[in-house]
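Asker: So that you have it, the file is final14.txt, and it contains compact mmCIF, C-alpha atoms and all ligand atoms:
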```
# COMPACT_ATOMS: atom_id res chain seq x y z
CA MET B 1 0.00 0.00 0.00
CA ALA B 2 1.30 3.41 -0.93
CA ILE B 3 2.06 5.76 1.94
CA SER B 4 1.90 9.56 2.09
CA ILE B 5 4.86 11.57 3.40
CA GLY B 6 4.57 14.78 5.36
CA ILE B 7 7.65 16.92 5.99
CA ASN B 8 6.89 19.66 8.51
CA ASN B 9 9.41 22.43 9.13
CA VAL B 10 12.33 20.03 8.91
CA THR B 11 15.87 21.28 9.42
CA ARG B 12 19.08 19.25 9.30
CA ALA B 13 22.13 21.19 10.38
CA TYR B 14 25.73 20.01 10.18
CA GLY B 15 27.53 22.53 12.36
CA PRO B 16 26.86 25.88 10.74
CA VAL B 17 25.59 24.34 7.47
CA ARG B 18 21.84 23.92 7.16
CA ALA B 19 21.72 21.12 4.60
CA VAL B 20 17.91 21.24 4.85
CA ASP B 21 16.42 24.46 6.17
CA THR B 22 12.91 24.63 7.73
CA LEU B 23 11.44 22.77 4.80
CA SER B 24 7.82 21.65 4.51
CA LEU B 25 6.46 19.36 1.85
CA ASP B 26 3.60 16.90 1.35
CA ILE B 27 4.06 13.92 -0.94
CA LYS B 28 0.85 12.10 -1.79
CA ALA B 29 0.41 8.35 -1.46
CA GLY B 30 1.26 6.71 -4.79
CA GLU B 31 2.83 9.83 -6.27
CA PHE B 32 6.06 9.86 -8.31
CA PHE B 33 7.80 12.78 -6.68
CA THR B 34 11.22 14.13 -7.63
CA LEU B 35 13.66 16.27 -5.70
CA LEU B 36 15.74 18.11 -8.25
CA GLY B 37 18.64 20.39 -7.47
CA SER B 38 22.28 21.06 -7.99
CA SER B 39 25.04 19.49 -5.93
CA GLY B 40 24.86 20.46 -2.27
CA SER B 41 21.25 21.69 -2.39
CA GLY B 42 20.21 19.23 0.33
CA LYS B 43 18.18 16.70 -1.64
CA SER B 44 20.12 13.61 -0.48
CA THR B 45 19.94 14.77 3.12
CA LEU B 46 16.17 15.10 2.83
CA LEU B 47 15.93 11.64 1.27
CA LYS B 48 18.08 10.16 4.03
CA MET B 49 15.78 11.65 6.65
CA ILE B 50 12.75 10.07 4.95
CA GLY B 51 14.62 6.75 4.89
CA GLY B 52 15.64 7.05 8.54
CA PHE B 53 19.40 7.22 7.86
CA GLU B 54 19.62 10.79 9.17
CA ARG B 55 17.71 12.45 11.96
CA PRO B 56 16.23 15.93 11.59
CA SER B 57 17.70 18.59 13.89
CA ALA B 58 14.15 19.96 14.09
CA GLY B 59 10.73 19.29 12.60
CA GLU B 60 8.49 16.30 11.93
CA ILE B 61 8.41 13.55 9.32
CA LEU B 62 5.02 11.86 9.01
CA PHE B 63 4.07 8.67 7.17
CA ASP B 64 0.30 8.54 6.65
CA GLY B 65 0.07 11.21 9.34
CA ARG B 66 2.18 9.41 11.98
CA ASP B 67 5.50 10.85 13.15
CA VAL B 68 8.35 8.46 12.28
CA VAL B 69 11.34 10.48 13.49
CA ASP B 70 12.00 7.91 16.23
CA VAL B 71 11.40 4.88 13.98
CA PRO B 72 14.73 3.31 12.88
CA ALA B 73 15.43 2.83 9.17
CA ASN B 74 14.90 -0.94 9.22
CA LYS B 75 11.46 -0.55 10.81
CA ARG B 76 10.20 1.95 8.22
CA PRO B 77 8.05 0.82 5.26
CA VAL B 78 10.74 2.23 2.99
CA ASN B 79 13.32 0.75 0.65
CA THR B 80 16.08 2.69 -1.04
CA VAL B 81 18.03 2.22 -4.25
CA PHE B 82 21.31 4.08 -3.87
CA GLN B 83 23.61 5.29 -6.63
CA SER B 84 26.19 2.79 -5.39
CA LEU B 85 23.49 0.03 -5.53
CA GLY B 86 25.12 -1.72 -2.57
CA LEU B 87 24.69 -5.25 -3.96
CA PHE B 88 26.52 -8.07 -2.16
CA PRO B 89 29.26 -8.88 -4.67
CA HIS B 90 29.87 -12.49 -3.64
CA MET B 91 26.21 -13.45 -3.89
CA THR B 92 23.98 -14.53 -6.76
CA VAL B 93 21.07 -12.46 -8.07
CA ALA B 94 18.55 -14.57 -6.12
CA GLN B 95 20.58 -14.38 -2.90
CA ASN B 96 20.82 -10.62 -3.18
CA ILE B 97 17.10 -10.24 -3.76
CA GLU B 98 15.93 -12.63 -1.06
CA TYR B 99 18.26 -11.25 1.62
CA GLY B 100 15.62 -8.96 3.13
CA LEU B 101 12.93 -11.64 2.88
CA ARG B 102 15.18 -14.00 4.82
CA LEU B 103 15.56 -11.39 7.60
CA ARG B 104 11.77 -11.18 7.67
CA GLY B 105 11.66 -14.91 8.27
CA LEU B 106 9.94 -16.01 5.07
CA SER B 107 10.19 -19.71 4.17
CA GLY B 108 12.37 -20.93 1.30
CA GLY B 109 9.33 -21.62 -0.87
CA GLU B 110 7.84 -18.17 -0.32
CA ARG B 111 11.19 -16.53 -1.00
CA ALA B 112 11.68 -18.44 -4.23
CA ARG B 113 8.19 -17.51 -5.43
CA LYS B 114 8.70 -13.82 -4.67
CA VAL B 115 12.14 -13.78 -6.29
CA GLU B 116 10.71 -15.36 -9.42
CA ASN B 117 7.85 -12.84 -9.61
CA ILE B 118 10.04 -9.82 -9.05
CA LEU B 119 12.63 -10.99 -11.60
CA GLU B 120 9.85 -11.28 -14.13
CA LEU B 121 8.79 -7.71 -13.30
CA VAL B 122 12.28 -6.32 -13.93
CA GLU B 123 12.72 -8.61 -16.96
CA LEU B 124 15.56 -10.69 -15.54
CA SER B 125 13.87 -14.10 -15.40
CA GLY B 126 16.43 -16.90 -15.60
CA PHE B 127 19.21 -14.86 -13.95
CA GLU B 128 18.62 -16.28 -10.45
CA GLU B 129 21.91 -18.15 -10.16
CA ARG B 130 24.11 -15.59 -11.90
CA ASN B 131 26.76 -13.89 -9.77
CA VAL B 132 26.00 -10.16 -9.66
CA ASN B 133 29.60 -9.36 -10.62
CA LEU B 134 28.98 -10.93 -14.00
CA LEU B 135 26.08 -8.63 -14.87
CA SER B 136 26.09 -5.48 -17.00
CA GLY B 137 25.52 -2.09 -15.37
CA GLY B 138 21.88 -2.04 -16.41
CA GLN B 139 21.27 -5.56 -15.16
CA ARG B 140 22.84 -4.74 -11.79
CA GLN B 141 20.59 -1.73 -11.63
CA ARG B 142 17.58 -3.97 -12.14
CA VAL B 143 18.72 -6.35 -9.41
CA ALA B 144 19.00 -3.41 -7.02
CA LEU B 145 15.48 -2.34 -7.98
CA ALA B 146 14.18 -5.90 -7.61
CA ARG B 147 15.81 -6.19 -4.19
CA ALA B 148 14.03 -3.03 -3.03
CA LEU B 149 10.69 -3.83 -4.66
CA VAL B 150 10.50 -7.41 -3.43
CA MET B 151 9.99 -6.02 0.06
CA GLU B 152 6.77 -4.42 -1.23
CA PRO B 153 7.62 -1.04 0.33
CA GLY B 154 4.98 1.65 0.67
CA ILE B 155 7.71 4.11 -0.22
CA LEU B 156 10.59 3.58 -2.64
CA LEU B 157 13.46 6.05 -2.48
CA LEU B 158 15.74 6.40 -5.51
CA ASP B 159 18.96 8.31 -4.84
CA GLU B 160 20.56 9.24 -8.18
CA PRO B 161 20.06 5.65 -9.34
CA LEU B 162 20.96 6.31 -12.98
CA THR B 163 24.25 8.12 -12.46
CA GLY B 164 27.08 6.26 -14.12
CA LEU B 165 24.97 4.53 -16.78
CA ASP B 166 25.45 5.41 -20.43
CA GLU B 167 22.77 7.49 -22.14
CA ARG B 168 20.95 4.58 -23.81
CA LEU B 169 20.74 2.62 -20.56
CA ARG B 170 19.64 5.69 -18.65
CA GLN B 171 16.70 6.08 -20.99
CA GLN B 172 15.84 2.41 -20.78
CA MET B 173 15.96 2.39 -16.98
CA ARG B 174 14.03 5.64 -16.83
CA ASP B 175 11.18 4.01 -18.76
CA GLU B 176 11.50 1.08 -16.42
CA PHE B 177 10.99 3.28 -13.35
CA GLY B 178 7.82 4.70 -14.87
CA ARG B 179 6.51 1.23 -15.61
CA LEU B 180 7.40 -0.14 -12.17
CA HIS B 181 5.81 2.83 -10.48
CA LYS B 182 2.52 2.09 -12.23
CA ARG B 183 2.75 -1.64 -11.56
CA THR B 184 3.61 -1.41 -7.86
CA GLY B 185 1.52 1.67 -6.98
CA ALA B 186 4.07 2.63 -4.29
CA THR B 187 5.09 6.21 -3.50
CA PHE B 188 8.32 6.86 -5.41
CA VAL B 189 10.70 9.63 -4.37
CA LEU B 190 13.54 10.24 -6.79
CA VAL B 191 16.57 12.42 -6.14
CA THR B 192 18.40 13.64 -9.22
CA HIS B 193 20.24 16.56 -10.71
CA ASN B 194 19.13 15.48 -14.18
CA GLN B 195 16.16 17.51 -15.30
CA ASP B 196 15.20 15.21 -18.21
CA GLU B 197 14.74 12.38 -15.75
CA ALA B 198 12.67 14.55 -13.44
CA LEU B 199 10.49 15.95 -16.22
CA SER B 200 9.70 12.65 -17.86
CA LEU B 201 8.87 10.70 -14.70
CA SER B 202 7.42 13.00 -12.09
CA ASP B 203 3.84 13.68 -11.18
CA ARG B 204 5.25 16.65 -9.28
CA MET B 205 8.75 17.84 -8.57
CA ALA B 206 10.51 20.28 -6.28
CA ILE B 207 13.59 22.27 -7.21
CA MET B 208 15.83 22.66 -4.18
CA HIS B 209 18.46 25.30 -3.55
CA LYS B 210 20.43 25.86 -0.34
CA GLY B 211 18.24 23.55 1.72
CA LYS B 212 14.95 25.12 0.65
CA ILE B 213 12.38 24.51 -2.05
CA GLU B 214 12.41 27.17 -4.77
CA GLN B 215 9.35 25.78 -6.57
CA LEU B 216 7.08 22.76 -6.22
CA ASP B 217 4.82 22.01 -9.17
CA ARG B 218 3.83 19.69 -11.97
CA PRO B 219 6.70 19.51 -14.50
CA GLU B 220 5.01 21.61 -17.21
CA GLN B 221 4.40 24.46 -14.75
CA PHE B 222 8.13 25.09 -14.41
CA PHE B 223 8.16 26.19 -18.04
CA GLN B 224 4.88 28.10 -18.00
CA SER B 225 5.48 29.99 -14.79
CA PRO B 226 8.94 29.58 -13.27
CA ALA B 227 8.95 31.01 -9.75
CA ASN B 228 12.14 32.95 -10.31
CA ALA B 229 15.21 33.34 -12.50
CA PHE B 230 17.08 30.56 -10.69
CA VAL B 231 14.32 28.04 -11.44
CA ALA B 232 14.05 29.19 -15.06
CA ARG B 233 17.78 28.73 -15.55
CA PHE B 234 17.68 25.35 -13.84
CA VAL B 235 15.13 24.01 -16.34
CA GLY B 236 17.18 25.37 -19.23
CA MET B 237 15.54 28.73 -19.88
CA GLU B 238 18.76 30.68 -20.19
CA ASN B 239 17.39 33.70 -22.04
CA GLN B 240 16.98 36.15 -19.21
CA LEU B 241 16.85 39.82 -20.05
CA LYS B 242 16.62 42.94 -17.95
CA PRO B 243 13.80 45.24 -19.13
CA GLU B 244 14.18 49.03 -19.07
CA ARG B 245 10.59 49.27 -17.94
CA LEU B 246 7.23 47.52 -18.01
CA GLU B 247 4.18 49.07 -19.70
CA GLU B 248 0.55 48.10 -19.19
CA VAL B 249 -1.09 47.72 -22.61
CA GLY B 250 -4.79 46.81 -22.57
CA ASN B 251 -5.01 43.73 -20.39
CA GLY B 252 -1.41 42.79 -20.95
CA VAL B 253 2.08 43.86 -20.05
CA VAL B 254 4.84 44.80 -22.44
CA ALA B 255 8.48 44.81 -21.41
CA VAL B 256 10.71 47.35 -23.10
CA ILE B 257 14.15 45.92 -23.75
CA CYS B 258 16.67 48.22 -25.33
CA GLY B 259 13.84 50.22 -26.91
CA GLN B 260 12.06 47.16 -28.34
CA HIS B 261 8.67 45.92 -27.16
CA VAL B 262 8.17 42.39 -25.89
CA PRO B 263 4.70 41.27 -24.77
CA VAL B 264 5.14 39.24 -21.60
CA VAL B 265 3.05 36.71 -19.73
CA GLN B 266 2.94 37.85 -16.17
CA GLY B 267 2.81 35.13 -13.54
CA ALA B 268 2.64 36.45 -10.02
CA ARG B 269 3.06 40.22 -9.70
CA HIS B 270 6.71 41.08 -9.57
CA ASP B 271 8.48 44.23 -8.59
CA PRO B 272 9.24 45.83 -11.97
CA ALA B 273 12.61 46.99 -10.66
CA THR B 274 13.77 43.41 -10.12
CA SER B 275 11.83 41.60 -12.85
CA LEU B 276 13.50 39.62 -15.57
CA VAL B 277 12.06 38.64 -18.94
CA VAL B 278 12.58 34.95 -19.68
CA ILE B 279 12.30 34.09 -23.38
CA ARG B 280 11.81 30.49 -24.48
CA SER B 281 14.31 29.72 -27.23
CA ASP B 282 11.86 27.30 -28.88
CA ARG B 283 9.30 30.09 -29.30
CA VAL B 284 11.54 32.46 -31.21
CA VAL B 285 11.21 32.08 -34.98
CA LEU B 286 13.20 33.63 -37.74
CA GLY B 287 11.48 36.23 -39.94
CA GLU B 288 8.48 38.50 -39.72
CA ASN B 289 4.85 37.53 -39.59
CA ASN B 290 1.73 39.70 -39.86
CA THR B 291 1.12 40.53 -36.26
CA ASP B 292 2.56 43.68 -34.83
CA GLY B 293 4.40 44.14 -31.59
CA ASP B 294 6.17 40.81 -31.22
CA GLN B 295 9.05 41.25 -33.62
CA LEU B 296 12.59 42.01 -32.64
CA ARG B 297 15.52 43.34 -34.65
CA LEU B 298 18.70 41.71 -33.47
CA LYS B 299 22.23 40.91 -34.56
CA VAL B 300 23.66 37.39 -34.88
CA VAL B 301 26.65 37.00 -32.56
CA GLU B 302 27.19 33.24 -32.51
CA THR B 303 25.79 30.04 -33.99
CA MET B 304 26.20 26.59 -32.47
CA PHE B 305 25.33 23.32 -34.18
CA ARG B 306 23.31 21.07 -31.86
CA GLY B 307 22.40 18.15 -34.10
CA LEU B 308 18.68 18.45 -34.83
CA TYR B 309 18.76 22.23 -34.46
CA ARG B 310 21.15 25.13 -34.29
CA ASP B 311 21.36 27.58 -31.40
CA VAL B 312 21.68 31.10 -32.73
CA LYS B 313 22.74 33.73 -30.23
CA LEU B 314 21.26 37.13 -31.00
CA ALA B 315 22.15 40.46 -29.43
CA PHE B 316 20.25 43.64 -28.68
CA ALA B 317 22.09 46.91 -29.24
CA ASP B 318 22.92 47.10 -25.52
CA GLY B 319 24.69 43.74 -25.64
CA GLN B 320 21.99 41.64 -23.93
CA THR B 321 21.60 38.35 -25.77
CA LEU B 322 19.03 35.68 -26.38
CA VAL B 323 19.36 32.28 -27.99
CA MET B 324 16.95 31.07 -30.67
CA ALA B 325 16.65 27.34 -31.47
CA LEU B 326 16.65 27.23 -35.26
CA ASP B 327 15.78 24.09 -37.22
CA ALA B 328 19.04 22.62 -38.50
CA GLY B 329 17.56 22.63 -41.99
CA GLY B 330 16.85 26.38 -41.76
CA PRO B 331 18.89 29.13 -43.41
CA LEU B 332 22.54 29.52 -42.45
CA LEU B 333 23.07 32.77 -40.61
CA SER B 334 26.38 34.59 -40.40
CA VAL B 335 27.85 36.28 -37.39
CA GLY B 336 27.28 40.04 -37.69
CA GLU B 337 24.09 39.66 -39.76
CA ASP B 338 21.00 41.71 -38.77
CA VAL B 339 17.84 39.62 -38.50
CA VAL B 340 14.18 40.03 -37.63
CA VAL B 341 12.69 37.40 -35.37
CA THR B 342 9.11 36.88 -34.26
CA LEU B 343 8.12 35.80 -30.78
CA LYS B 344 5.35 33.24 -30.77
CA PRO B 345 2.52 33.75 -28.25
CA LYS B 346 3.66 33.20 -24.67
CA ALA B 347 7.32 33.18 -25.67
CA ALA B 348 8.22 35.69 -22.98
CA LEU B 349 7.48 35.35 -19.29
CA LEU B 350 8.07 37.80 -16.52
CA THR B 351 9.78 36.39 -13.47
CA ALA B 352 11.48 37.53 -10.28
CA ALA B 353 15.23 37.96 -10.45
N1 LIG B 401 27.50 14.23 7.03
C1 LIG B 401 27.68 15.51 6.71
N2 LIG B 401 28.51 16.30 7.42
C2 LIG B 401 28.67 17.61 7.12
N3 LIG B 401 28.07 18.23 6.08
C3 LIG B 401 27.25 17.49 5.34
C4 LIG B 401 27.01 16.11 5.58
N4 LIG B 401 26.13 15.65 4.66
C5 LIG B 401 25.84 16.69 3.86
N5 LIG B 401 26.49 17.81 4.26
C6 LIG B 401 26.42 19.14 3.63
O1 LIG B 401 25.06 19.47 3.49
C7 LIG B 401 24.78 20.11 2.24
C8 LIG B 401 23.75 19.33 1.46
O2 LIG B 401 24.28 18.06 1.08
P1 LIG B 401 23.45 16.96 0.29
O3 LIG B 401 24.30 15.78 0.12
O4 LIG B 401 22.12 16.77 0.92
O5 LIG B 401 23.23 17.69 -1.10
P2 LIG B 401 22.75 17.09 -2.47
O6 LIG B 401 21.80 18.09 -3.02
O7 LIG B 401 22.23 15.72 -2.29
O8 LIG B 401 24.09 17.09 -3.31
P3 LIG B 401 24.70 15.97 -4.30
O9 LIG B 401 23.87 16.04 -5.54
O10 LIG B 401 26.10 16.45 -4.50
O11 LIG B 401 24.60 14.67 -3.58
C9 LIG B 401 26.14 20.23 1.56
O12 LIG B 401 26.66 21.50 1.84
C10 LIG B 401 26.96 19.14 2.22
O13 LIG B 401 28.34 19.46 2.19
```
Any chance you could put this one into structure tokens?
Ligand SMILES: Nc1ncnc2c1ncn2[C@@H]1O[C@H](COP(=O)(O)OP(=O)(O)OP(=O)(O)O)[C@@H](O)[C@H]1O
Answerer:
Amino acid sequence: MAISIGINNVTRAYGPVRAVDTLSLDIKAGEFFTLLGSSGSGKSTLLKMIGGFERPSAGEILFDGRDVVDVPANKRPVNTVFQSLGLFPHMTVAQNIEYGLRLRGLSGGERARKVENILELVELSGFEERNVNLLSGGQRQRVALARALVMEPGILLLDEPLTGLDERLRQQMRDEFGRLHKRTGATFVLVTHNQDEALSLSDRMAIMHKGKIEQLDRPEQFFQSPANAFVARFVGMENQLKPERLEEVGNGVVAVICGQHVPVVQGARHDPATSLVVIRSDRVVLGENNTDGDQLRLKVVETMFRGLYRDVKLAFADGQTLVMALDAGGPLLSVGEDVVVTLKPKAALLTAA
């Protein structure tokens, strides 16, 4: 049965460092929740406190509404897959997986049945007797997952489980997590610094910074209304420009950047003095169209080939730049060339600096 997690005003201090700082968060039963953040933002510490490997300096951690701060890790309905996997190297696949079941006192027959079922789930049937040292990285990953899932945890914690795998395997395992989440119905909490992973898997995700949550939302919301410039940059929206001023036009707001007018979507009200205009590079198109007011005249300062598209860096007269993602089959632009680009609707968002 899936279990809900409540984090109430939790702090974890290491001397003067507050790895997690008065943080509150509710994770719903059965949710796929991701903690995303750069190195040192506190996400592993938070995960360890949920798992019972670290104790909060202050605050409460609730499972289905009951405080578990005093419950030791091995008594919590939680299993964890660590980046290091932590498999027993001298044991077979089956021995690794049934280890926890043995501690629970299950009979040999029950253990064998559960191992067989879980190996089928992670698509490793027939590997029971294989030594784990003789498996590929992806297979070892699956054994680690099977070992956690066989315990039928209400909560599965995944701490950077895909780090170290090559890109193809990462994608394969990522799909696997999604599938296993649906099949098991458990609450999954993933820690990662990889935003693709977070975006493709999460029901909701939180971006952490310096022990606090900067934004907690469904993945698409981070692109439609990033809470601030840090969040926007974290999800890859690097075009951040400082407007000279903001003008109210009809029901909308227009930002004036270096004398040019950019209609902006305004999320929460921001102090104009500290607002930034975030422009989505995928919503900037080359050339003019028929609508007025959303065209910009800019100069090409750099082009970078990216495979399926080309990033073209364009500058305003004051030196501020924005990158446009141009189809790789589009026209070749030269550095120094003056171009007109059109901003598609909702290309520009106003956010707090
Ligand atoms: N046992 C510890 N003793 C002292 N400081 C610690 C300890 N564990 C973590 N910290 C500090 O707490 C902060 C948060 O660390 P944490 O490992 O939670 O971050 P993270 O977001 O998981 O980073 P990473 O992605 O690098 O694992 C860092 O400044 C780290 O140096």
Asker: Taking all atoms listed in the file into account, which of B:Leu165, B:Leu36, B:Ala255, B:Ala13 comes nearest Gln83 in chain B?
Answerer: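 Closest candidate: B:Leu165.
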Asker: Please find the residues contacting ligand LIG 401 (chain B) at a distance of at most 10 Å between atoms, with all atoms listed in the file counted, and report them as a VMD selection string.
Answerer: chain B and resid 12 to 20 35 to 49 54 83 159 to 160 191 to 194 208 to 211
Asker: With all atoms listed in the file as the atoms that count, which of B:Gly178, B:Pro153, B:Pro331, B:Gly137 lies nearest to Asp166 in chain B?
Answerer: B:Gly137
Asker: Quick one: everything within 10 Å of Leu333 in chain B, counting all atoms listed in the file, minus sequence neighbours fewer than 5 positions away in the same chain. Send it as a PyMOL selection string.
Answerer: chain B and resi 300-303+312+338-339
Asker: Mind checking which residues fall within 10 Å of range 131-135 of chain B, counting only C-alpha atoms, ignoring those fewer than 3 positions away in the same chain, and posting them as a ChimeraX atom specification?
Answerer: /B:87-96,127-128,138-141,143
Asker: Could you check which of B:Val341, B:Ala317, B:Leu162, B:Ile61 is closest to Asp196 in chain B, using all atoms listed in the file?
Answerer: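 Among B:Val341, B:Ala317, B:Leu162, B:Ile61, it is B:Leu162 that comes nearest to Asp196 in chain B.
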